[in-house]
Structure formats: structure tokens, C-alpha cells
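Here's the structure we're looking at; comments come further down.
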Amino acid sequence: MTEKTALTPAGHTAPPARFSHGVRKGNILQVAGQVGFLPAAEGEAPTPAGPTLREQTLQTLANVEAVLTAGGASWDDVMMIRVYLTDTAHFAEMNEIYDAYFADLTAPPAARTTVYVGLPAGLLVEIDAMAVLD
Amino acid sequence: MTEKTALTPAGHTAPPARFSHGVRKGNILQVAGQVGFLPAAEGEAPTPAGPTLREQTLQTLANVEAVLTAGGASWDDVMMIRVYLTDTAHFAEMNEIYDAYFADLTAPPAARTTVYVGLPAGLLVEIDAMAVLD
Amino acid sequence: MTEKTALTPAGHTAPPARFSHGVRKGNILQVAGQVGFLPAAEGEAPTPAGPTLREQTLQTLANVEAVLTAGGASWDDVMMIRVYLTDTAHFAEMNEIYDAYFADLTAPPAARTTVYVGLPAGLLVEIDAMAVLD
């Protein structure tokens with residue numbers, strides 16, 4: 001009933017260590033930090049959707065969404081979204097992309113925290129999320 | 001019963017994107033990252049309480065508290081506080097301010113993580129919190 | 001029944017401010033950011049287990065585990081692990097240490113987010129965790 005279940009969307013790259021892309025236990029669902037990697041291609045290293053903030057943000061959000069879906073949740077269930085950017089100059093553009101992506105929410109938008117950190121070379125954005133299901 | 005509710009304290013500045021200052025669903029309450037902005041003044045950009053760590057930390061904590069209150073919670077319900085500072089040299093002073101602010105807790109203090117990140121120009125501290133209500 | 005309880009492992013250094021190393025309320029357990037400090041020695045400042053990433057990561061994970069244990073939880077209950085490193089060059093080595101540490105999990109591994117931040121001088125890693133108990 002309250003067993004912990006790993007959430008592994010088809011196509012997601014394998015995590016680089018012993019963690020899950022997401023887990024659900026009871027009505028709590030936690031999505032691991034997602035970046036803008038394209039679906040995994042066998043024998044190839046994980047590849048970002050592109051060099052731009054737009055490409056990476058859209059792919060990252062799609063990757064988070066895939067984990068939510070795998071756990072039976074939607075963005076409407078999400079309580080908290082953590083956005084990690086590498087450059088404060090990206091805030092306005094990320095918000096535009098974010099707002100368009102979330103235009104169709106029916107529940108109140110999640111809370112959010114955005115901070116500026118270091119990320120591996122080539123990555124401009126990382127996002128994780130926590131959902132509480134009905 | 002477990003509907004997600006947005007928490008919007010009177011006077012809070014409008015979030016710069018499609019997120020809520022806080023959400024509550026069932027007994028879980030998540031406060032978005034708050035900074036030291038003064039209450040919103042119509043037609044003016046959000047303005048920090050002042051340039052100092054003390055002014056901003058006190059205002060930030062008050063802003064978090066307003067979200068908790070809007071959701072029917074208090075600091076006694078808070079499980080986790082995330083403190084984002086921009087300078088390790090601010091740690092000791094922030095702790096002094098923090099301890100004074102929390103002098104009247106009746107439940108055990110929340111857990112806390114403090115890390116040092118980049119924040120938009122002029123902001124020295126950002127804080128978010130997660131509460132579990134009775 | 002849903003009282004908030006502070007979790008204070010024997011030997012842990014005193015928190016530098018009014019926060020708890022961990023708290024549990026109902027089935028939610030939150031571990032505060034742990035670093036690689038050795039067990040407290042009376043009259044001495046907190047001391048890292050050593051200067052290396054390996055020493056600090058192992059001690060940090062042991063410190064997180066002690067808080068989980070104090071709250072009646074184990075790694076199998078952990079939903080989310082947040083890893084804060086100071087240098088992207090440390091990612092691969094941290095993952096090796098992490099995987100070996102978690103070789104014996106029986107439940108799916110927790111979700112995880114790793115970002116690169118500033119930490120107080122001499123500290124290379126900080127980790128916090130959130131668990132949902134049965």
C-alpha cells in the first residue's frame with residue numbers, strides 16, 4: 001500500500017548512479033533532478049536537446065513530466081518545482097518558456113524556488129519536482 | 001479534501017511567473033522561495049527591504065511566515081527550511097538573526113540546509129520551507 | 001500522533017543555529033543538510049573526517065543515516081537525496097562512493113538531485129534527505 005516504487009519513463013537515459021528518476025510511495029511522488037537530455041540512444045552518451053536555454057528547458061520539463069506520468073501524476077499534482085539555472089541573465093527567458101509550458105494548468109501552479117548554481121559543462125538548467133497525489 | 005490550494009498573502013508581490021507563493025494539499029504545505037521584498041506597491045517593481053543581510057533576512061522570514069499563515073500553518077509545523085545565501089561570510093550573522101527570530105518556537109526547530117548560490121543582483125538571501133500540518 | 005519530533009543522533013555536533021538535525025512528523029522524516037563532520041568532541045570545533053571527497057562523502061552519508069535511524073527509518077524509506085558538491089570534477093568519484101554505499105538497498109533507490117554550490121571552507125560535500133515511512 002505504501003511500497004516505494006521506482007518511476008522509469010521509457011526512453012530516459014540511465015541514471016549515472018544508484019538513484020531513480022522518480023519514486024512514489026503512498027501519495028508522495030518525488031522527481032529527481034532532470035536535465036535537457038534527449039531520449040537515450042543505445043551506445044551513445046546522454047545528449048542535451050541543444051545548446052540553448054529554450055531547447056534545454058523544454059526538454060527538461062518534458063523529462064519531468066514523463067516521470068510524473070509514469071507515477072500516475074500530472075503537473076496539477078505538483079507542489080514544488082525547483083529550478084536550477086547557471087546564469088541570472090536566463091531568468092526572464094526561462095520564465096517565458098515556463099509560463100507557456102504551464103498555460104493549461106487547471107489546479108493552482110506549484111510553488112517554485114529558482115537559484116543559480118554550477119552544472120556540468122553544457123547544461124544550463126536542471127529541474128526537480130515533488131507532487132502530492134489525491 | 002485533498003484539493004491543492006494556492007496561498008497568496010495579501011501584500012505579496014505577484015510571482016514573476018506561473019507559480020504560487022505557496023500551496024497546500026491535504027496536510028502538506030510548501031512555501032516557494034521567498035526573498036526580502038517589501039509589500040507590493042502598485043506600479044512599482046519589487047523592492048528589497050534594504051541592502052543589508054539583516055533587513056533582507058527579517059523580511060524574507062516574515063514573507064515565509066505570511067505564506068504559512070495563509071495556509072493555516074505556523075513555524076511549529078515546518079519540517080524543512082532551505083536557506084540560500086550568496087556569501088559564506090554571511091553565515092554567522094544570518095544564524096544570529098535566525099535564532100532570535102525563532103526564539104519562541106514551541107515545537108522542535110525545523111531541519112535546515114544552507115548552501116551558497118547565485119541570486120539576482122541585490123538579493124543576499126532566499127528561503128523556502130515545507131510544513132506538515134497536524 | 002502527528003507530533004513533530006527532533007532527531008538528534010548521539011555524537012552529532014550541535015547545530016550552529018536553532019534547527020534540528022532531523023525531524024519526524026507522522027510518516028514524514030526530513031534530514032537537515034549533513035556534512036562530513038566527525039562525532040563531536042567536547043570543547044572542540046566540528047572537524048571534517050578528512051580533506052578528501054571520499055572521507056567527507058562517507059562521513060556525510062553516515063551522518064545522514066544516523067538521523068534516519070534516530071527517526072526509525074532506513075535508506076529504503078528515503079524518497080529524495082540532495083547532494084551539494086563544490087566542483088563538477090567531483091561528480092564521477094562521488095557517484096562511485098555513493099553506489100558502493102548503497103549496494104545493499106532492498107527498495108528502489110531514492111530520487112536525487114546534484115548541484116554545485118559554495119560551501120564553507122574545507123567542506124566538499126553536503127547531503128540532505130527526505131523519507132516517507134510506511
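The chains in the C-alpha cells are called A, B, ... from first to last as shown; in each chain the residues are counted from 1, and the ligands are counted from 1 in the order shown.
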Neighbour list for Lys4 in chain A as a ChimeraX atom specification, cut-off 7 Å, only C-alpha atoms, skip fewer than 6 positions in-chain: /A:23-25 /C:107-108
Print the selection's residues with C-alpha atoms to a file, as a CSV table (one decimal), in the first residue's frame.
chain,number,residue,atom,x,y,z
A,23,VAL,CA,9.9,7.4,-6.8
A,24,ARG,CA,6.4,7.2,-5.5
A,25,LYS,CA,5.3,6.0,-2.0
C,107,ALA,CA,13.8,-0.9,-2.0
C,108,PRO,CA,14.3,1.2,-5.2
Write out as a PyMOL selection string every residue belonging to chain C that has an atom at most 7 Å from any atom of chain B, counting only C-alpha atoms. chain C and resi 2+4-6+17-23+30-33+117-120
When you look at Thr47 in chain A with a cut-off of 9 Å (counting only C-alpha atoms), what residues show up, excluding the ones that are within fewer than 4 positions of it in the same chain? I need them as a ChimeraX atom specification. /A:36-41
Backbone DSSP call of strand (DSSP E) for range 34-106 of chain C, listed as a PDB file with N, CA and C atoms, in the first residue's frame:
ATOM      1  N   GLN C  34      23.617  17.540   6.022  1.00  0.00           N
ATOM      2  CA  GLN C  34      24.714  16.975   6.806  1.00  0.00           C
ATOM      3  C   GLN C  34      26.016  17.170   6.039  1.00  0.00           C
ATOM      4  N   VAL C  78      13.899   6.325   2.025  1.00  0.00           N
ATOM      5  CA  VAL C  78      14.253   7.665   1.543  1.00  0.00           C
ATOM      6  C   VAL C  78      13.728   7.886   0.127  1.00  0.00           C
ATOM      7  N   MET C  79      13.059   9.002  -0.048  1.00  0.00           N
ATOM      8  CA  MET C  79      12.465   9.373  -1.335  1.00  0.00           C
ATOM      9  C   MET C  79      13.408  10.255  -2.140  1.00  0.00           C
ATOM     10  N   MET C  80      14.095  11.160  -1.441  1.00  0.00           N
ATOM     11  CA  MET C  80      14.893  12.170  -2.144  1.00  0.00           C
ATOM     12  C   MET C  80      16.191  12.420  -1.388  1.00  0.00           C
ATOM     13  N   ILE C  81      17.255  12.450  -2.139  1.00  0.00           N
ATOM     14  CA  ILE C  81      18.573  12.786  -1.603  1.00  0.00           C
ATOM     15  C   ILE C  81      19.085  13.982  -2.403  1.00  0.00           C
ATOM     16  N   ARG C  82      19.432  15.031  -1.700  1.00  0.00           N
ATOM     17  CA  ARG C  82      20.022  16.204  -2.357  1.00  0.00           C
ATOM     18  C   ARG C  82      21.507  16.239  -2.054  1.00  0.00           C
ATOM     19  N   VAL C  83      22.299  16.223  -3.111  1.00  0.00           N
ATOM     20  CA  VAL C  83      23.748  16.225  -2.967  1.00  0.00           C
ATOM     21  C   VAL C  83      24.270  17.570  -3.456  1.00  0.00           C
ATOM     22  N   TYR C  84      24.996  18.231  -2.587  1.00  0.00           N
ATOM     23  CA  TYR C  84      25.620  19.510  -2.926  1.00  0.00           C
ATOM     24  C   TYR C  84      27.134  19.302  -2.981  1.00  0.00           C
ATOM     25  N   LEU C  85      27.679  19.487  -4.154  1.00  0.00           N
ATOM     26  CA  LEU C  85      29.125  19.415  -4.323  1.00  0.00           C
ATOM     27  C   LEU C  85      29.642  20.813  -4.653  1.00  0.00           C
TER      28      LEU C  85
END
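What separates CA of Thr69 in chain B from CA of Glu126 in chain B is a distance of 18.6 Å.
Going from CA of Trp75 in chain B over to CA of Glu55 in chain B, you cover 19.8 Å.
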Which neighbours of Glu65 in chain B fall inside 10 Å, counting only C-alpha atoms, when residues of the same chain fewer than 2 positions from it are skipped, and could you give them as a list in words? Pro9, Val31, Gln34, Gln59, Thr60, Leu61, Ala62, Asn63, Val67, Leu68, Thr69, Ala70, Gly71, Ala73, Ser74, Trp75 and Ala129 of chain B
